[in-house]
>>> print(open('work_8.txt').read())   # compact mmCIF, C-alpha atoms
# COMPACT_ATOMS: atom_id res chain seq x y z
CA MET C 30 89.59 89.41 168.23
CA LYS C 31 86.11 90.86 167.70
CA ILE C 32 83.58 89.87 170.33
CA TYR C 33 81.20 88.08 167.96
CA LEU C 34 84.07 86.00 166.56
CA LEU C 35 85.32 85.20 170.05
CA ALA C 36 81.81 84.12 171.05
CA GLY C 37 81.44 81.93 167.97
CA TYR C 38 84.80 80.18 168.22
CA ALA C 39 84.38 79.76 171.98
CA THR C 40 80.99 78.12 171.44
CA LEU C 41 82.51 75.67 168.96
CA ALA C 42 85.49 74.96 171.25
CA LEU C 43 83.27 74.28 174.27
CA TYR C 44 81.07 72.04 172.12
CA ALA C 45 84.13 70.05 171.02
CA LEU C 46 85.40 69.71 174.60
CA ALA C 47 81.97 68.59 175.84
CA CYS C 48 81.78 65.92 173.13
CA MET C 49 85.23 64.62 174.04
CA TYR C 50 84.64 64.69 177.80
CA LEU C 51 81.16 63.16 177.75
CA ALA C 52 81.75 60.52 175.08
CA PRO C 53 81.19 57.07 176.62
CA PRO C 54 84.29 54.88 177.19
CA HIS C 55 83.46 52.49 174.35
CA ILE C 56 83.52 55.45 171.93
CA GLY C 57 86.43 57.42 173.38
CA PRO C 58 87.19 61.16 173.18
CA TRP C 59 88.49 61.35 169.60
CA ALA C 60 85.69 59.30 168.12
CA GLY C 61 83.33 61.35 170.29
CA LEU C 62 84.73 64.52 168.76
CA ALA C 63 84.31 63.12 165.25
CA ILE C 64 80.71 62.08 165.94
CA GLY C 65 79.91 65.43 167.51
CA ALA C 66 81.46 67.35 164.62
CA THR C 67 79.54 65.28 162.07
CA TYR C 68 76.26 65.87 163.89
CA LEU C 69 76.85 69.63 164.15
CA ILE C 70 77.90 70.01 160.50
CA VAL C 71 74.99 67.96 159.13
CA VAL C 72 72.35 69.69 161.27
CA TRP C 73 73.85 73.13 160.56
CA PHE C 74 74.03 72.54 156.79
CA VAL C 75 70.50 71.16 156.45
CA GLY C 76 69.19 74.00 158.61
CA GLY C 77 71.11 76.52 156.51
CA LEU C 78 69.63 75.12 153.30
CA TYR C 79 66.17 75.29 154.84
CA LEU C 80 66.56 78.88 156.02
CA SER C 81 68.63 80.50 153.26
CA PRO C 82 67.51 79.34 149.79
CA VAL C 83 64.11 78.02 150.92
CA LEU C 84 62.49 80.24 153.56
CA HIS C 85 64.55 83.38 153.02
CA LEU C 86 65.25 83.73 149.30
CA GLY C 87 62.62 81.31 148.05
CA ILE C 88 59.53 82.32 150.04
CA ALA C 89 60.11 85.51 152.05
CA HIS C 90 61.71 87.51 149.21
CA ARG C 91 60.68 85.51 146.13
CA SER C 92 64.20 85.78 144.71
CA LEU C 93 64.33 82.09 143.86
CA ASP C 94 61.89 79.71 142.22
CA TYR C 95 62.16 76.18 143.53
CA LYS C 96 60.95 72.63 143.01
CA GLU C 97 58.01 72.17 145.39
CA TRP C 98 58.98 68.61 146.29
CA PHE C 99 62.42 69.89 147.34
CA ILE C 100 61.15 72.70 149.52
CA LYS C 101 58.53 70.50 151.19
CA THR C 102 60.93 67.61 151.80
CA LEU C 103 63.60 69.90 153.25
CA THR C 104 61.07 71.64 155.51
CA VAL C 105 59.86 68.36 157.01
CA ALA C 106 63.35 66.83 157.26
CA ASN C 107 64.93 69.81 159.03
CA ASN C 108 62.13 70.23 161.53
CA LEU C 109 61.88 66.51 162.18
CA PHE C 110 65.59 65.82 162.70
CA GLY C 111 67.25 69.23 163.21
CA VAL C 112 66.69 72.54 164.99
CA TYR C 113 62.99 73.41 164.79
CA ILE C 114 62.01 76.60 162.93
CA ASN C 115 58.33 77.28 162.28
CA PRO C 116 58.26 78.19 158.56
CA VAL C 117 55.03 80.22 158.66
CA THR C 118 55.92 82.42 161.64
CA TRP C 119 59.52 82.81 160.41
CA VAL C 120 58.44 84.15 157.01
CA ASN C 121 55.97 86.52 158.67
CA ARG C 122 58.52 87.80 161.19
CA HIS C 123 61.15 88.27 158.49
CA ARG C 124 58.86 90.33 156.27
CA LEU C 125 57.86 92.47 159.24
CA HIS C 126 61.53 92.83 160.15
CA HIS C 127 62.25 94.34 156.73
CA ARG C 128 59.22 96.59 156.90
CA PHE C 129 59.97 97.98 160.38
CA SER C 130 63.65 97.16 160.83
CA ASP C 131 64.95 98.36 164.23
CA HIS C 132 61.73 100.34 164.81
CA ASP C 133 58.41 99.71 166.53
CA GLY C 134 56.78 96.76 164.78
CA ASP C 135 60.01 94.81 164.18
CA PRO C 136 59.46 91.45 165.94
CA ASN C 137 63.20 90.73 166.13
CA LYS C 138 64.85 93.77 167.72
CA LEU C 139 64.29 97.44 168.40
CA ALA C 140 67.17 99.90 168.11
CA SER C 141 67.23 100.36 171.90
CA ASP C 142 67.43 96.63 172.69
CA GLY C 143 70.80 95.59 174.05
CA PHE C 144 72.58 92.25 174.01
CA TRP C 145 70.61 90.47 176.75
CA ARG C 146 67.23 91.73 175.58
CA THR C 147 67.99 90.58 172.04
CA LEU C 148 69.16 87.21 173.33
CA TYR C 149 65.82 86.81 175.10
CA LEU C 150 63.98 87.86 171.93
CA CYS C 151 65.74 85.13 169.95
CA VAL C 152 63.71 82.67 172.03
CA LEU C 153 60.58 84.73 172.69
CA PRO C 154 60.32 87.45 170.01
CA TYR C 155 57.99 90.42 170.03
CA GLU C 156 54.41 89.72 169.02
CA CYS C 157 53.73 90.15 165.30
CA ARG C 158 51.17 92.86 164.59
CA ALA C 159 50.26 91.74 161.07
CA ASP C 160 50.10 88.55 159.01
CA LEU C 161 52.24 88.84 155.89
CA ALA C 162 52.64 85.09 155.37
CA LYS C 163 49.71 84.19 153.12
CA ASP C 164 51.67 82.37 150.39
CA GLU C 165 50.02 79.29 148.91
CA ILE C 166 53.04 77.11 149.68
CA LEU C 167 52.62 77.93 153.37
CA LYS C 168 49.05 76.59 153.21
CA SER C 169 50.16 73.19 151.87
CA TRP C 170 49.81 70.21 154.20
CA PRO C 171 53.58 69.74 154.91
CA PHE C 172 53.91 73.35 156.04
CA ARG C 173 50.70 73.31 158.06
CA MET C 174 51.79 70.06 159.72
CA VAL C 175 55.26 71.37 160.58
CA ALA C 176 53.85 74.67 161.88
CA HIS C 177 51.57 72.93 164.40
CA PRO C 178 52.79 73.21 168.03
CA ALA C 179 52.31 69.48 168.58
CA PHE C 180 54.73 68.74 165.73
CA CYS C 181 57.31 71.07 167.27
CA VAL C 182 57.21 69.32 170.65
CA GLY C 183 56.99 65.80 169.24
CA ALA C 184 59.76 66.32 166.69
CA GLN C 185 62.24 67.74 169.21
CA LEU C 186 61.56 64.99 171.74
CA SER C 187 61.81 62.28 169.09
CA ASN C 188 65.01 63.59 167.49
CA PHE C 189 66.67 63.83 170.90
CA GLY C 190 65.50 60.30 171.66
CA LEU C 191 66.86 59.06 168.32
CA LEU C 192 70.22 60.70 168.99
CA TRP C 193 70.34 59.14 172.46
CA PHE C 194 69.53 55.73 170.97
CA LEU C 195 72.21 56.03 168.28
CA VAL C 196 75.07 57.06 170.58
CA GLY C 197 73.97 55.01 173.58
CA SER C 198 74.70 57.70 176.16
CA LEU C 199 72.36 60.31 177.63
CA PRO C 200 75.10 62.84 178.62
CA PHE C 201 76.82 62.54 175.23
CA ALA C 202 73.52 62.95 173.36
CA ALA C 203 72.58 65.92 175.54
CA ALA C 204 75.95 67.60 174.89
CA MET C 205 75.47 67.35 171.12
CA TRP C 206 71.76 68.23 171.11
CA LEU C 207 72.07 71.24 173.44
CA GLY C 208 75.41 72.33 171.99
CA MET C 209 73.96 72.48 168.50
CA ARG C 210 71.16 74.71 169.75
CA VAL C 211 73.57 77.01 171.56
CA PHE C 212 75.47 77.38 168.28
CA ALA C 213 72.16 78.10 166.51
CA LEU C 214 71.47 80.77 169.14
CA TRP C 215 74.84 82.38 168.34
CA ILE C 216 73.89 82.38 164.65
CA ASN C 217 70.61 84.04 165.57
CA MET C 218 72.46 86.70 167.57
CA ILE C 219 74.74 87.39 164.61
CA GLN C 220 71.69 88.14 162.49
CA ASN C 221 69.59 89.96 165.10
CA PHE C 222 72.15 91.77 167.28
CA TRP C 223 75.68 92.10 165.91
CA THR C 224 74.49 92.95 162.37
CA HIS C 225 72.01 95.49 163.78
CA ASP C 226 74.40 97.45 165.97
CA ARG C 227 76.51 100.14 164.28
CA ARG C 228 79.47 99.41 166.53
CA PHE C 229 80.16 96.23 164.55
CA GLY C 230 80.89 95.50 160.90
CA TYR C 231 80.79 97.92 157.98
CA ARG C 232 78.18 99.65 155.81
CA ARG C 233 78.24 99.78 152.02
CA TYR C 234 75.07 101.90 151.95
CA ASP C 235 74.49 104.77 154.35
CA ASP C 236 70.85 103.95 155.09
CA GLU C 237 69.46 105.95 157.98
CA ARG C 238 66.22 103.96 158.18
CA ASP C 239 67.85 101.05 160.03
CA ASN C 240 71.06 99.88 161.69
CA ALA C 241 71.84 96.98 159.35
CA MET C 242 75.56 96.19 159.07
CA ASN C 243 77.73 93.76 157.11
CA LEU C 244 79.97 91.25 158.88
CA GLY C 245 82.39 89.86 156.30
CA GLU C 246 84.55 87.39 158.24
CA TRP C 247 84.64 83.70 157.30
CA LEU C 248 82.88 82.29 160.38
CA PRO C 249 79.76 84.49 160.43
CA VAL C 250 79.35 84.44 156.63
CA THR C 251 79.67 80.65 156.47
CA SER C 252 77.59 79.96 159.57
CA THR C 253 74.71 82.20 158.47
CA PHE C 254 74.83 81.29 154.76
CA SER C 255 75.72 84.99 154.16
CA ALA C 256 72.75 86.36 156.13
CA CYS C 257 75.24 88.53 158.05
CA LEU C 258 75.63 90.80 155.00
CA GLN C 259 72.64 92.69 156.33
CA ASN C 260 73.41 96.19 155.07
CA ASN C 261 73.63 94.89 151.50
CA HIS C 262 70.50 92.82 151.89
CA HIS C 263 68.39 95.53 153.54
CA HIS C 264 69.29 98.04 150.85
CA PHE C 265 68.20 95.67 148.05
CA PRO C 266 66.18 92.86 149.70
CA GLY C 267 65.00 91.36 146.41
CA LEU C 268 68.47 90.71 144.96
CA LEU C 269 69.42 87.04 145.04
CA ARG C 270 73.07 87.78 145.78
CA LEU C 271 73.81 89.21 149.23
CA SER C 272 77.41 90.07 148.35
CA HIS C 273 77.49 93.30 146.33
CA HIS C 274 81.16 93.23 145.35
CA GLU C 275 83.46 90.48 144.10
CA SER C 276 85.69 91.01 147.13
CA GLU C 277 82.91 89.94 149.53
CA TYR C 278 82.89 86.27 150.51
CA ASP C 279 79.39 84.85 149.93
CA PHE C 280 78.91 81.24 151.05
CA GLY C 281 75.13 81.34 150.71
CA PHE C 282 75.35 82.43 147.07
CA GLU C 283 77.73 79.56 146.27
CA VAL C 284 75.27 77.11 147.83
CA ALA C 285 72.43 78.61 145.78
CA LYS C 286 74.50 78.15 142.61
CA LEU C 287 75.11 74.52 143.56
CA LEU C 288 71.37 73.97 143.99
CA LYS C 289 70.83 75.50 140.56
CA ARG C 290 73.29 73.03 139.00
CA PHE C 291 71.13 70.23 140.40
CA GLY C 292 68.02 71.82 138.90
CA LEU C 293 66.44 72.52 142.29
CA VAL C 294 66.21 76.33 142.08
CA GLN C 295 66.38 79.12 139.55
CA ALA C 296 66.47 82.90 139.83
CA THR C 297 63.28 84.91 139.52
CA LYS C 298 63.23 88.15 137.51
CA ARG C 299 63.21 90.01 140.83
CA GLY C 300 66.18 88.04 142.14
CA GLU C 301 68.46 88.37 139.11
CA GLU C 302 68.00 92.09 138.38
CA ILE C 303 71.14 93.96 139.48
CA PRO C 304 70.39 97.54 140.64
CA THR C 305 72.63 100.25 139.21
CA GLU C 306 74.07 101.03 142.67
CA VAL C 307 75.48 97.52 143.07
CA PRO C 308 79.09 97.33 141.79
CA LEU C 309 78.75 93.95 140.06
CA ASN C 310 79.24 93.38 136.34
CA SER C 311 77.04 90.27 136.39
CA LEU C 312 75.10 88.18 138.85
CA ASP C 313 77.20 85.10 137.99
CA PHE C 314 74.32 82.76 138.72
>>> encode(input="work_8.txt", output="structure tokens")
Amino acid sequence: MKIYLLAGYATLALYALACMYLAPPHIGPWAGLAIGATYLIVVWFVGGLYLSPVLHLGIAHRSLDYKEWFIKTLTVANNLFGVYINPVTWVNRHRLHHRFSDHDGDPNKLASDGFWRTLYLCVLPYECRADLAKDEILKSWPFRMVAHPAFCVGAQLSNFGLLWFLVGSLPFAAAMWLGMRVFALWINMIQNFWTHDRRFGYRRYDDERDNAMNLGEWLPVTSTFSACLQNNHHHFPGLLRLSHHESEYDFGFEVAKLLKRFGLVQATKRGEEIPTEVPLNSLDF
């Protein structure tokens, strides 16, 4: 089994065991597992919606137009109850990542950074040398509120306290809260390390300017909402669809289509234009 898959499945297995072992007696191990799984799935899915169609495709790349009430509500909800991600700094870092990918100026990872250095950078990334996040939506009061350091600290303390109150056990709450963040760290490593090391995955486009790779297995594609199809995405960052062939599994694209059915998003001209190099007959959006 490939190392990134082993790490991902091991993280989920250890999370499950911790939930079963630390569940209080009145809940029991199997109910503890069910509660832990529900918490992880809900927090992961809301966070994935927030990152993929909202921050990534909606704001950073302008591939999707969105209802403002939806994007603002999701931003506040995720950062209040889930894993905190500063929307302003994330958009800025992501745009700089595309501009300088794997080279000096990339705030996520340099080509020479190994596993442990990249793991450290997931928590404390390189300093950004420019401000590319000047979008009007980022200046709105929900985004400015969420981006404030006091909100970050207060929200994480309060959502841990709420989880503790709901399950009635400090160890059980801590296992779920910390375990979810360890899983989020693995997701971050998929995007920043394993998809930027040429020893892993495959390349559809032989781009020499960066080390972006595609990881096509079910777990990384689902967990990252398809953000692990990095070689595709780096070659054509404006395209809404990160899969560039019908054979490529694309969970994030399916979620985007679901949001469209509910009238929450629609493709921009930039997002729906299929480049001639991409072997797709239609966008199917």
>>> closest_residue(input="work_8.txt", among="C:Phe144, C:Leu268, C:Tyr149, C:Ala296", to="Tyr33 of chain C", atoms="all atoms listed in the file")
C:Phe144
>>> closest_residue(input="work_8.txt", among="C:Ala106, C:Ala202, C:Leu287, C:Val250", to="Met49 of chain C", atoms="all atoms listed in the file")
C:Ala202
>>> residues_around(input="work_8.txt", residues="Gln295 of chain C", least_positions_apart="3", cutoff="9 Å", atoms="all atoms listed in the file", output="list in words")
Ser92, Leu93, Asp94, Tyr95, Ala285, Lys286, Leu288, Lys289, Gly292 and Phe314 of chain C
>>> write_last_selection(input="work_8.txt", atoms="C-alpha atoms", output="PDB file, keeping the file's coordinate frame")
ATOM      1  CA  SER C  92      64.200  85.780 144.710  1.00  0.00           C
ATOM      2  CA  LEU C  93      64.330  82.090 143.860  1.00  0.00           C
ATOM      3  CA  ASP C  94      61.890  79.710 142.220  1.00  0.00           C
ATOM      4  CA  TYR C  95      62.160  76.180 143.530  1.00  0.00           C
ATOM      5  CA  ALA C 285      72.430  78.610 145.780  1.00  0.00           C
ATOM      6  CA  LYS C 286      74.500  78.150 142.610  1.00  0.00           C
ATOM      7  CA  LEU C 288      71.370  73.970 143.990  1.00  0.00           C
ATOM      8  CA  LYS C 289      70.830  75.500 140.560  1.00  0.00           C
ATOM      9  CA  GLY C 292      68.020  71.820 138.900  1.00  0.00           C
ATOM     10  CA  PHE C 314      74.320  82.760 138.720  1.00  0.00           C
TER      11      PHE C 314
END
>>> atom_distance(input="work_8.txt", atom1="atom CA of Cys257 of chain C", atom2="atom CA of Arg227 of chain C")
13.2 Å
>>> atom_distance(input="work_8.txt", atom1="atom CA of Gly77 of chain C", atom2="atom CA of Ala176 of chain C")
18.2 Å
